[in-house]
file input_35.cif (mmCIF, C-alpha atoms)
data_structure
#
loop_
_atom_site.label_atom_id
_atom_site.label_comp_id
_atom_site.auth_asym_id
_atom_site.auth_seq_id
_atom_site.Cartn_x
_atom_site.Cartn_y
_atom_site.Cartn_z
CA MET A 24 -123.03 24.12 -23.37
CA THR A 25 -125.72 22.92 -20.91
CA MET A 26 -128.96 24.86 -20.92
CA ALA A 27 -130.33 26.01 -17.57
CA THR A 28 -133.96 24.89 -17.20
CA PRO A 29 -136.23 27.43 -15.51
CA PRO A 30 -138.84 26.26 -12.95
CA ARG A 31 -141.39 24.22 -14.89
CA LEU A 32 -144.32 25.08 -12.62
CA ALA A 33 -143.75 28.81 -13.20
CA THR A 34 -143.65 28.32 -16.98
CA TRP A 35 -146.78 26.15 -16.81
CA LEU A 36 -148.62 28.82 -14.81
CA LEU A 37 -147.56 31.60 -17.18
CA LEU A 38 -148.65 29.60 -20.19
CA ARG A 39 -152.16 29.29 -18.77
CA LEU A 40 -152.59 32.65 -17.07
CA ALA A 41 -150.71 35.05 -19.36
CA SER A 42 -152.89 37.70 -20.99
CA GLY A 43 -152.40 38.93 -24.55
CA ASP A 44 -151.33 37.25 -27.75
CA HIS A 45 -147.61 36.93 -27.10
CA SER A 46 -147.36 34.46 -24.21
CA HIS A 47 -145.00 32.10 -26.09
CA ALA A 48 -142.71 34.98 -27.05
CA LEU A 49 -142.73 36.18 -23.43
CA ILE A 50 -141.81 32.70 -22.13
CA GLY A 51 -139.07 32.45 -24.77
CA ASP A 52 -137.66 35.82 -23.66
CA LEU A 53 -137.74 34.74 -20.01
CA VAL A 54 -135.95 31.48 -20.84
CA GLU A 55 -133.36 33.46 -22.82
CA GLN A 56 -132.86 35.86 -19.90
CA TYR A 57 -132.68 32.92 -17.50
CA GLN A 58 -129.59 31.62 -19.34
CA ARG A 59 -127.88 34.92 -18.52
CA ARG A 60 -129.26 35.18 -14.99
CA PRO A 61 -130.12 31.71 -13.65
CA SER A 62 -132.01 32.81 -10.54
CA VAL A 63 -135.16 30.93 -9.59
CA VAL A 64 -136.39 33.86 -7.48
CA TRP A 65 -135.91 36.28 -10.41
CA TYR A 66 -137.78 33.91 -12.74
CA TRP A 67 -140.72 33.45 -10.36
CA TRP A 68 -140.87 37.22 -9.77
CA GLN A 69 -140.97 37.88 -13.53
CA VAL A 70 -143.70 35.23 -14.04
CA LEU A 71 -145.90 36.47 -11.19
CA SER A 72 -145.48 40.12 -12.17
CA ALA A 73 -146.29 39.26 -15.82
CA ILE A 74 -149.49 37.43 -14.75
CA ALA A 75 -150.54 40.22 -12.36
CA THR A 76 -149.73 43.08 -14.79
CA GLY A 77 -151.56 41.33 -17.63
CA ALA A 78 -154.59 40.61 -15.44
CA VAL A 79 -154.81 44.18 -14.08
CA HIS A 80 -154.61 45.71 -17.57
CA ASP A 81 -157.05 43.15 -18.94
CA ILE A 82 -159.63 43.86 -16.24
CA GLY A 83 -159.14 47.60 -16.82
CA ASP A 84 -159.82 47.13 -20.52
CA HIS A 85 -162.82 44.82 -19.94
CA LEU A 86 -164.41 46.24 -16.82
CA VAL A 87 -167.91 44.96 -17.60
CA LEU A 88 -166.58 41.45 -18.00
CA GLY A 89 -164.83 41.68 -14.62
CA ILE A 90 -167.94 42.96 -12.84
CA ARG A 91 -170.03 40.25 -14.49
CA ALA A 92 -167.57 37.55 -13.39
CA ILE A 93 -167.59 38.83 -9.79
CA ALA A 94 -171.42 39.01 -9.78
CA LEU A 95 -171.53 35.45 -11.10
CA TRP A 96 -169.03 34.33 -8.45
CA TYR A 97 -171.19 35.86 -5.69
CA LEU A 98 -174.39 34.32 -7.05
CA LEU A 99 -172.87 30.85 -7.50
CA SER A 100 -171.14 30.98 -4.09
CA TRP A 101 -174.39 31.87 -2.38
CA CYS A 102 -176.32 29.10 -4.18
CA ALA A 103 -173.56 26.55 -3.53
CA ALA A 104 -173.41 27.45 0.17
CA GLN A 105 -177.21 27.06 0.57
CA LEU A 106 -177.19 23.75 -1.30
CA THR A 107 -174.22 22.39 0.65
CA ILE A 108 -175.74 23.24 4.03
CA ARG A 109 -179.06 21.60 3.07
CA ILE A 110 -177.35 18.44 1.79
CA HIS A 111 -175.14 18.35 4.89
CA HIS A 112 -178.15 18.61 7.19
CA SER A 113 -180.24 16.06 5.30
CA LEU A 114 -177.40 13.52 5.33
CA GLY A 115 -176.70 14.15 9.03
CA LEU A 116 -179.01 11.45 10.39
CA ILE A 117 -177.67 8.78 8.00
CA VAL A 118 -174.06 9.63 8.86
CA TRP A 119 -174.83 9.66 12.60
CA ASN A 120 -176.49 6.19 12.53
CA TRP A 121 -173.87 4.69 10.20
CA THR A 122 -170.90 5.91 12.25
CA ILE A 123 -172.47 4.59 15.49
CA ALA A 124 -173.30 1.23 13.90
CA HIS A 125 -169.77 0.85 12.49
CA ASP A 126 -168.01 2.43 15.48
CA PHE A 127 -166.49 5.16 13.25
CA ASP A 128 -166.19 8.08 15.67
CA THR A 129 -163.57 9.99 13.68
CA LEU A 130 -165.88 10.42 10.69
CA ARG A 131 -168.68 11.59 13.00
CA LEU A 132 -166.36 14.19 14.50
CA ILE A 133 -165.29 15.36 11.03
CA TRP A 134 -168.88 15.45 9.75
CA PHE A 135 -170.46 17.28 12.67
CA GLY A 136 -167.42 19.15 14.02
CA ARG A 137 -167.93 21.73 16.72
CA PRO A 138 -170.02 24.90 16.88
CA ARG A 139 -168.48 27.49 14.52
CA TYR A 140 -165.93 24.94 13.25
CA ASN A 141 -167.06 22.20 10.93
CA PRO A 142 -164.29 20.46 8.93
CA SER A 143 -166.62 18.84 6.39
CA LEU A 144 -168.26 22.18 5.56
CA LEU A 145 -164.85 23.84 5.27
CA VAL A 146 -163.69 21.19 2.78
CA ALA A 147 -167.00 21.61 0.92
CA THR A 148 -166.36 25.40 0.75
CA CYS A 149 -163.03 24.80 -1.00
CA LEU A 150 -164.54 22.21 -3.38
CA ASN A 151 -167.41 24.59 -4.19
CA ALA A 152 -164.89 27.34 -4.91
CA MET A 153 -163.05 24.97 -7.26
CA VAL A 154 -166.22 24.19 -9.21
CA ILE A 155 -167.16 27.89 -9.35
CA GLY A 156 -163.64 28.75 -10.55
CA TRP A 157 -163.99 26.12 -13.27
CA ILE A 158 -167.35 27.55 -14.42
CA ILE A 159 -166.10 31.16 -14.45
CA ALA A 160 -162.95 30.15 -16.33
CA ARG A 161 -164.96 28.20 -18.91
CA LEU A 162 -167.21 31.22 -19.50
CA ASN A 163 -164.26 33.66 -19.79
CA ARG A 164 -161.56 31.67 -21.56
CA ARG A 165 -160.08 34.69 -23.34
CA HIS A 166 -159.76 36.66 -20.09
CA LEU A 167 -159.16 33.80 -17.70
CA ALA A 168 -156.45 35.35 -15.53
CA ALA A 169 -158.30 38.67 -15.18
CA THR A 170 -161.61 37.10 -14.15
CA ILE A 171 -160.19 34.39 -11.86
CA LEU A 172 -157.69 36.69 -10.11
CA GLY A 173 -160.39 39.37 -9.80
CA CYS A 174 -162.76 36.85 -8.16
CA MET A 175 -159.95 35.61 -5.87
CA ALA A 176 -159.19 39.13 -4.69
CA PHE A 177 -162.88 39.90 -4.21
CA SER A 178 -163.45 36.64 -2.33
CA ALA A 179 -160.58 37.36 0.11
CA ALA A 180 -161.71 40.98 0.57
CA TYR A 181 -165.29 39.85 1.18
CA VAL A 182 -164.19 37.47 3.95
CA VAL A 183 -162.10 40.16 5.68
CA VAL A 184 -164.89 42.74 5.47
CA ALA A 185 -167.53 40.22 6.64
CA ARG A 186 -165.43 39.23 9.65
CA HIS A 187 -164.77 42.80 10.70
CA LEU A 188 -168.36 43.86 10.11
CA TRP A 189 -169.49 41.01 12.33
CA TYR A 190 -167.09 42.07 15.06
CA MET A 191 -168.29 45.67 14.80
CA LEU A 192 -171.98 44.79 14.83
CA TRP A 193 -171.84 42.14 17.56
CA PRO A 194 -168.74 42.92 19.61
CA VAL A 195 -169.72 40.87 22.71
CA THR A 196 -171.38 37.69 21.55
CA PHE A 197 -170.78 36.09 18.19
CA GLU A 198 -172.21 32.60 18.41
CA ASN A 199 -172.86 31.01 14.99
CA ALA A 200 -171.06 33.89 13.29
CA PRO A 201 -169.41 33.05 9.98
CA PHE A 202 -165.61 33.49 9.71
CA VAL A 203 -165.24 34.57 13.36
CA ALA A 204 -163.30 31.52 14.56
CA THR A 205 -159.70 31.53 13.32
CA ILE A 206 -159.67 28.28 11.31
CA PRO A 207 -162.89 28.95 9.32
CA PHE A 208 -161.62 32.48 8.73
CA LEU A 209 -158.28 31.22 7.37
CA VAL A 210 -159.95 28.58 5.21
CA ALA A 211 -162.36 31.15 3.77
CA LEU A 212 -159.56 33.68 3.32
CA LEU A 213 -157.00 31.37 1.68
CA GLY A 214 -158.71 28.06 0.83
CA ALA A 215 -161.62 29.46 -1.17
CA PRO A 216 -159.43 31.72 -3.41
CA MET A 217 -157.02 28.82 -3.93
CA GLY A 218 -160.00 26.63 -4.89
CA LEU A 219 -161.04 29.27 -7.44
CA LEU A 220 -157.50 29.29 -8.86
CA VAL A 221 -157.26 25.49 -9.08
CA GLY A 222 -160.69 25.30 -10.74
CA GLY A 223 -159.66 28.03 -13.19
CA LEU A 224 -156.41 26.25 -14.01
CA LEU A 225 -158.23 22.95 -14.54
CA ALA A 226 -160.53 24.66 -17.04
CA SER A 227 -157.75 26.45 -18.92
CA ASP A 228 -156.33 25.34 -22.23
CA PRO A 229 -152.71 26.24 -23.02
CA PRO A 230 -152.51 28.72 -25.90
CA GLU A 231 -151.64 27.27 -29.29
CA GLY A 232 -148.10 27.60 -30.59
CA ASN A 233 -144.68 26.04 -30.12
CA LEU A 234 -144.77 24.05 -26.89
CA CYS A 235 -141.29 22.55 -26.85
CA ALA A 236 -139.00 22.95 -23.82
CA LEU B 16 -179.57 42.86 -15.60
CA LEU B 17 -177.82 45.56 -17.60
CA LEU B 18 -174.50 44.51 -16.08
CA LEU B 19 -175.16 40.92 -17.04
CA VAL B 20 -176.30 41.78 -20.53
CA GLY B 21 -173.92 44.71 -20.94
CA ARG B 22 -175.75 46.18 -23.89
CA VAL B 23 -178.66 48.48 -24.70
CA PRO B 24 -180.99 48.07 -27.70
CA ILE B 25 -179.88 49.75 -30.91
CA CYS B 26 -183.24 51.55 -31.17
CA LEU B 27 -182.44 53.53 -28.02
CA HIS B 28 -179.23 54.77 -29.58
CA ASP B 29 -181.06 55.67 -32.78
CA ALA B 30 -183.83 57.43 -30.88
CA LEU B 31 -181.30 59.52 -28.99
CA TRP B 32 -178.92 60.52 -31.72
CA ASN B 33 -180.32 59.95 -35.20
CA VAL B 34 -182.73 62.59 -36.47
CA GLY B 35 -183.93 61.78 -39.99
CA GLU B 36 -180.95 61.62 -42.33
CA LEU B 37 -178.69 63.44 -39.90
CA THR B 38 -176.58 61.71 -37.29
CA CYS B 39 -175.73 63.96 -34.41
CA CYS B 40 -174.13 61.29 -32.21
CA PRO B 41 -170.90 62.64 -30.74
CA TRP B 42 -169.39 59.13 -30.89
CA PRO B 43 -170.47 57.88 -34.34
CA HIS B 44 -167.50 55.54 -34.74
CA LEU B 45 -168.27 53.62 -31.53
CA HIS B 46 -170.32 50.45 -31.42
CA PRO B 47 -173.83 51.72 -30.73
CA LEU B 48 -174.90 48.58 -28.86
CA HIS B 49 -172.41 48.95 -26.07
CA LEU B 50 -173.65 50.55 -22.88
CA PHE B 51 -170.13 51.44 -21.81
CA ALA B 52 -169.03 52.89 -25.15
CA ILE B 53 -168.73 56.39 -23.70
CA VAL B 54 -166.61 55.18 -20.80
CA ARG B 55 -164.38 53.37 -23.27
CA TYR B 56 -164.15 56.49 -25.39
CA MET B 57 -163.06 58.52 -22.39
CA ARG B 58 -160.48 55.90 -21.47
CA ARG B 59 -158.86 56.23 -24.91
CA ARG B 60 -156.01 58.63 -24.33
CA GLU B 61 -154.95 61.26 -26.80
CA PHE B 62 -151.27 61.20 -25.78
CA LEU B 63 -148.87 58.35 -25.15
CA GLY B 64 -148.20 57.28 -21.58
CA GLY B 65 -144.69 57.40 -20.09
CA PHE B 66 -143.94 53.68 -20.49
CA GLU B 67 -145.50 53.62 -23.98
CA LEU B 68 -143.17 56.44 -24.95
CA LEU B 69 -140.17 54.49 -23.63
CA VAL B 70 -141.19 51.34 -25.50
CA LEU B 71 -141.80 53.18 -28.79
CA SER B 72 -138.47 55.02 -28.60
CA ALA B 73 -136.68 51.72 -27.83
CA LEU B 74 -138.35 50.13 -30.86
CA ILE B 75 -137.13 52.95 -33.12
CA ARG B 76 -133.60 52.73 -31.70
CA LEU B 77 -133.41 48.93 -32.12
CA GLY B 78 -134.85 48.86 -35.66
CA ASP B 79 -135.38 45.37 -37.10
CA GLU B 80 -133.89 43.57 -34.09
CA ALA B 81 -136.53 44.72 -31.61
CA TYR B 82 -137.96 41.88 -29.53
CA GLY B 83 -138.71 41.52 -25.80
CA VAL B 84 -135.22 41.16 -24.29
CA PRO B 85 -133.42 44.02 -26.14
CA ILE B 86 -136.47 46.27 -25.65
CA ALA B 87 -136.41 45.65 -21.87
CA ASP B 88 -132.61 46.20 -21.84
CA ALA B 89 -132.95 49.47 -23.78
CA ILE B 90 -135.61 50.74 -21.39
CA THR B 91 -133.49 49.80 -18.37
CA GLU B 92 -130.53 51.62 -19.93
CA THR B 93 -132.57 54.74 -20.73
CA SER B 94 -134.67 55.05 -17.60
CA GLY B 95 -132.27 53.52 -15.09
CA ARG B 96 -134.91 51.20 -13.62
CA ASP B 97 -135.50 47.50 -14.27
CA ALA B 98 -138.21 46.92 -16.86
CA ALA B 99 -140.15 43.69 -16.25
CA LEU B 100 -140.74 41.70 -19.43
CA GLY B 101 -144.41 41.28 -18.50
CA SER B 102 -144.93 45.07 -18.46
CA VAL B 103 -143.11 45.40 -21.80
CA TYR B 104 -145.40 42.83 -23.44
CA VAL B 105 -148.58 44.34 -21.93
CA THR B 106 -147.57 47.73 -23.39
CA LEU B 107 -146.66 46.17 -26.75
CA ASP B 108 -150.07 44.44 -26.84
CA ARG B 109 -151.81 47.75 -26.14
CA LEU B 110 -149.76 49.60 -28.78
CA SER B 111 -150.48 46.81 -31.22
CA ARG B 112 -154.24 47.12 -30.59
CA LYS B 113 -153.98 50.86 -31.23
CA GLY B 114 -152.23 50.15 -34.53
CA LEU B 115 -149.01 51.87 -33.45
CA VAL B 116 -146.78 48.76 -33.77
CA THR B 117 -146.81 45.60 -35.87
CA SER B 118 -145.25 42.25 -35.08
CA ARG B 119 -143.76 39.30 -36.97
CA VAL B 120 -142.72 35.90 -35.66
CA GLY B 121 -139.08 34.87 -36.13
CA GLU B 122 -137.42 31.47 -36.06
CA PRO B 123 -137.41 29.33 -32.88
CA THR B 124 -133.99 28.91 -31.24
CA ALA B 125 -132.62 26.34 -28.79
CA GLU B 126 -131.44 29.11 -26.44
CA ARG B 127 -135.09 30.09 -25.93
CA GLY B 128 -136.25 26.52 -25.30
CA GLY B 129 -137.47 26.18 -28.88
CA ARG B 130 -139.71 29.23 -28.75
CA ALA B 131 -139.77 31.80 -31.52
CA LYS B 132 -138.97 35.49 -31.05
CA THR B 133 -141.63 38.04 -31.89
CA TYR B 134 -140.14 41.13 -33.52
CA PHE B 135 -141.93 44.46 -33.25
CA ARG B 136 -141.82 47.49 -35.52
CA VAL B 137 -143.31 50.98 -35.26
CA THR B 138 -145.96 51.78 -37.89
CA ALA B 139 -146.35 55.11 -39.70
CA LYS B 140 -149.24 55.91 -37.34
CA GLY B 141 -146.99 55.15 -34.38
CA LEU B 142 -144.30 57.47 -35.71
CA ARG B 143 -146.83 60.26 -36.19
CA LYS B 144 -148.13 59.74 -32.65
CA LEU B 145 -144.60 59.80 -31.25
CA GLN B 146 -143.83 63.01 -33.18
CA HIS B 147 -147.05 64.58 -31.94
CA THR B 148 -146.26 63.67 -28.32
CA LYS B 149 -142.73 65.05 -28.70
CA GLN B 150 -144.05 68.36 -30.09
CA THR B 151 -146.56 68.61 -27.26
CA LEU B 152 -143.89 67.97 -24.64
CA ASN B 153 -141.54 70.49 -26.28
CA ALA B 154 -144.31 73.09 -26.33
CA LEU B 155 -145.02 72.39 -22.67
CA TRP B 156 -141.36 72.81 -21.73
CA SER B 157 -140.93 75.98 -23.74
CA GLY B 158 -143.64 77.63 -21.64
CA ILE B 159 -141.82 76.87 -18.37
CA PRO B 160 -139.08 79.26 -17.20
CA GLN B 161 -135.58 77.80 -16.76
CA THR B 162 -135.15 76.26 -13.33
CA GLU B 163 -131.86 75.54 -11.66
CA VAL B 164 -131.04 72.77 -9.22
CA GLY B 165 -131.81 73.91 -5.70
CA THR B 166 -134.22 76.68 -6.71
CA ALA B 167 -137.98 76.40 -6.91
#
call {"tool": "encode", "arguments": {"input": "input_35.cif", "output": "structure tokens"}}
result
Amino acid sequence: MTMATPPRLATWLLLRLASGDHSHALIGDLVEQYQRRPSVVWYWWQVLSAIATGAVHDIGDHLVLGIRAIALWYLLSWCAAQLTIRIHHSLGLIVWNWTIAHDFDTLRLIWFGRPRYNPSLLVATCLNAMVIGWIIARLNRRHLAATILGCMAFSAAYVVVARHLWYMLWPVTFENAPFVATIPFLVALLGAPMGLLVGGLLASDPPEGNLCA
Amino acid sequence: LLLLVGRVPICLHDALWNVGELTCCPWPHLHPLHLFAIVRYMRRREFLGGFELLVLSALIRLGDEAYGVPIADAITETSGRDAALGSVYVTLDRLSRKGLVTSRVGEPTAERGGRAKTYFRVTAKGLRKLQHTKQTLNALWSGIPQTEVGTA
């Protein structure tokens, strides 16, 4: 009899983000169930709900750890943003001269962008989030899913609240406002949390145990 | 700073609760260094939750063959709603931490992609807790007058 293979990416994610001591048993049970019900949607739903349920219970059981991770995320994000903007500004003259000398207009456009929309800073935001996710995951290896998913949720919520606060406070003119333009808003809303997740996954070690299949 | 450190000095705990040879701390069994010990104590529930009750009763019904899949099937059969395996394992982890269930690892099988089953069993403490919850629920019901369908 041929064995149905469940989606490998889902299993890989569960192996790294599952909370508790029985992640291998859980994956084994899901594979066993998948033989009876070979539905990719069902499998992904089970994996995502297992990660979310585990993370929510874990953060409930270790509230201090969650708050500490979110505080660390905020602190590191703020420091990284300040550092990135300073480096970006200080390199501006070099990039400007180099792109004019080498007739490289596209890079100049990417580097300097437009008011309220700067592609290079948006990419830097995602890369910063990845590094911060890596650091938080390294510091909270035993509660990786809870801390990383908590920071992702907080990051997205922060962007939404910041955008709406800005609209409420300055309803007529919002020049130089963060997150007001649609593309920066979407990058901050989706790109930064995804960066946190990728950084967290890069820092994670799969739990020990039987790794076949 | 307290959030980052998460702890208070032991001397503060001693100054508050220990008078000479006597210890008047209402939470003597808790780790005295932890600032959030009281919150944790309050979070510890006296009675089993609804899903915990379902999982424990499924474990008793299944006996030695209780692992994730049959437990989830038994819960689905009893409650009539689909039990996600993730929720079952989260509850089993919690019950295990409370000392209400124990686990042992079985043999890996090809059907499970070479992964071993983990069998669960209710401990004596778990049985006592289940009995206690049952008595409490029975006592609660006995105090409620009979209601019929369609009447308040």
call {"tool": "resolve_selection", "arguments": {"input": "input_35.cif", "expression": "the PyMOL selection byres ((chain B) within 6 of (chain A))", "output": "PyMOL selection string"}}
result
chain B and resi 19+84+101+126-130+132-133
call {"tool": "residues_near_point", "arguments": {"input": "input_35.cif", "point": "(-159.5, 36.0, -2.3)", "cutoff": "9 Å", "atoms": "only C-alpha atoms", "output": "PyMOL selection string"}}
result
chain A and resi 172-182+211-217+219
call {"tool": "residues_near_point", "arguments": {"input": "input_35.cif", "point": "(-137.5, 43.0, -20.2)", "cutoff": "7 Å", "atoms": "all atoms listed in the file", "output": "list of chain:residue names"}}
result
B:Gly83, B:Val84, B:Ile86, B:Ala87, B:Asp88, B:Ala98, B:Ala99, B:Leu100, B:Val103
call {"tool": "write_last_selection", "arguments": {"input": "input_35.cif", "atoms": "C-alpha atoms", "output": "tab-separated table (two decimals), in the frame of the given file"}}
result
chain	number	residue	atom	x	y	z
B	83	GLY	CA	-138.71	41.52	-25.80
B	84	VAL	CA	-135.22	41.16	-24.29
B	86	ILE	CA	-136.47	46.27	-25.65
B	87	ALA	CA	-136.41	45.65	-21.87
B	88	ASP	CA	-132.61	46.20	-21.84
B	98	ALA	CA	-138.21	46.92	-16.86
B	99	ALA	CA	-140.15	43.69	-16.25
B	100	LEU	CA	-140.74	41.70	-19.43
B	103	VAL	CA	-143.11	45.40	-21.80
call {"tool": "atom_distance", "arguments": {"input": "input_35.cif", "atom1": "atom CA of B:Glu67", "atom2": "atom CA of A:Leu40"}}
result
23.2 Å
call {"tool": "atom_distance", "arguments": {"input": "input_35.cif", "atom1": "atom CA of B:Leu63", "atom2": "atom CA of A:Leu38"}}
result
29.2 Å
call {"tool": "resolve_selection", "arguments": {"input": "input_35.cif", "expression": "the PyMOL selection byres ((chain A and resi 135) around 12)", "output": "ChimeraX atom specification"}}
result
/A:108,111-112,114-116,118-119,122,128-134,136-145
call {"tool": "atom_distance", "arguments": {"input": "input_35.cif", "atom1": "atom CA of A:Gly156", "atom2": "atom CA of A:Ile171"}}
result
6.7 Å
call {"tool": "resolve_selection", "arguments": {"input": "input_35.cif", "expression": "the PyMOL selection byres ((chain B and resi 79) around 12)", "output": "list in words"}}
result
Ala73, Leu74, Ile75, Arg76, Leu77, Gly78, Glu80, Ala81, Tyr82, Pro85, Ile86, Thr117, Ser118, Arg119, Gly121, Thr133, Tyr134, Phe135, Arg136 and Val137 of chain B
call {"tool": "residues_around", "arguments": {"input": "input_35.cif", "residues": "B:Val116", "least_positions_apart": "4", "cutoff": "9 Å", "atoms": "only C-alpha atoms", "output": "MDAnalysis selection string"}}
result
chainID B and resid 71 107:108 110:112 135:141
call {"tool": "write_last_selection", "arguments": {"input": "input_35.cif", "atoms": "C-alpha atoms", "output": "PDB file, in the coordinates of the input"}}
result
ATOM      1  CA  LEU B  71    -141.800  53.180 -28.790  1.00  0.00           C
ATOM      2  CA  LEU B 107    -146.660  46.170 -26.750  1.00  0.00           C
ATOM      3  CA  ASP B 108    -150.070  44.440 -26.840  1.00  0.00           C
ATOM      4  CA  LEU B 110    -149.760  49.600 -28.780  1.00  0.00           C
ATOM      5  CA  SER B 111    -150.480  46.810 -31.220  1.00  0.00           C
ATOM      6  CA  ARG B 112    -154.240  47.120 -30.590  1.00  0.00           C
ATOM      7  CA  PHE B 135    -141.930  44.460 -33.250  1.00  0.00           C
ATOM      8  CA  ARG B 136    -141.820  47.490 -35.520  1.00  0.00           C
ATOM      9  CA  VAL B 137    -143.310  50.980 -35.260  1.00  0.00           C
ATOM     10  CA  THR B 138    -145.960  51.780 -37.890  1.00  0.00           C
ATOM     11  CA  ALA B 139    -146.350  55.110 -39.700  1.00  0.00           C
ATOM     12  CA  LYS B 140    -149.240  55.910 -37.340  1.00  0.00           C
ATOM     13  CA  GLY B 141    -146.990  55.150 -34.380  1.00  0.00           C
TER      14      GLY B 141
END
call {"tool": "residues_around", "arguments": {"input": "input_35.cif", "residues": "B:Leu152", "least_positions_apart": "3", "cutoff": "12 Å", "atoms": "only C-alpha atoms", "output": "ChimeraX atom specification"}}
result
/B:62-65,68,145-149,155-159
call {"tool": "write_last_selection", "arguments": {"input": "input_35.cif", "atoms": "C-alpha atoms", "output": "PDB file, in the frame of the given file"}}
result
ATOM      1  CA  PHE B  62    -151.270  61.200 -25.780  1.00  0.00           C
ATOM      2  CA  LEU B  63    -148.870  58.350 -25.150  1.00  0.00           C
ATOM      3  CA  GLY B  64    -148.200  57.280 -21.580  1.00  0.00           C
ATOM      4  CA  GLY B  65    -144.690  57.400 -20.090  1.00  0.00           C
ATOM      5  CA  LEU B  68    -143.170  56.440 -24.950  1.00  0.00           C
ATOM      6  CA  LEU B 145    -144.600  59.800 -31.250  1.00  0.00           C
ATOM      7  CA  GLN B 146    -143.830  63.010 -33.180  1.00  0.00           C
ATOM      8  CA  HIS B 147    -147.050  64.580 -31.940  1.00  0.00           C
ATOM      9  CA  THR B 148    -146.260  63.670 -28.320  1.00  0.00           C
ATOM     10  CA  LYS B 149    -142.730  65.050 -28.700  1.00  0.00           C
ATOM     11  CA  LEU B 155    -145.020  72.390 -22.670  1.00  0.00           C
ATOM     12  CA  TRP B 156    -141.360  72.810 -21.730  1.00  0.00           C
ATOM     13  CA  SER B 157    -140.930  75.980 -23.740  1.00  0.00           C
ATOM     14  CA  GLY B 158    -143.640  77.630 -21.640  1.00  0.00           C
ATOM     15  CA  ILE B 159    -141.820  76.870 -18.370  1.00  0.00           C
TER      16      ILE B 159
END
call {"tool": "residues_around", "arguments": {"input": "input_35.cif", "residues": "A:Val154", "least_positions_apart": "3", "cutoff": "10 Å", "atoms": "only C-alpha atoms", "output": "mmCIF file with C-alpha atoms, in the frame of the given file"}}
result
data_model
loop_
_atom_site.group_PDB
_atom_site.id
_atom_site.type_symbol
_atom_site.label_atom_id
_atom_site.label_comp_id
_atom_site.auth_asym_id
_atom_site.auth_seq_id
_atom_site.Cartn_x
_atom_site.Cartn_y
_atom_site.Cartn_z
ATOM 1 C CA LEU A 99 -172.870 30.850 -7.500
ATOM 2 C CA SER A 100 -171.140 30.980 -4.090
ATOM 3 C CA ALA A 103 -173.560 26.550 -3.530
ATOM 4 C CA CYS A 149 -163.030 24.800 -1.000
ATOM 5 C CA LEU A 150 -164.540 22.210 -3.380
ATOM 6 C CA ASN A 151 -167.410 24.590 -4.190
ATOM 7 C CA TRP A 157 -163.990 26.120 -13.270
ATOM 8 C CA ILE A 158 -167.350 27.550 -14.420
ATOM 9 C CA ILE A 159 -166.100 31.160 -14.450
ATOM 10 C CA ALA A 160 -162.950 30.150 -16.330
ATOM 11 C CA GLY A 218 -160.000 26.630 -4.890
ATOM 12 C CA LEU A 219 -161.040 29.270 -7.440
ATOM 13 C CA VAL A 221 -157.260 25.490 -9.080
ATOM 14 C CA GLY A 222 -160.690 25.300 -10.740
ATOM 15 C CA GLY A 223 -159.660 28.030 -13.190
ATOM 16 C CA LEU A 225 -158.230 22.950 -14.540
ATOM 17 C CA ALA A 226 -160.530 24.660 -17.040
#
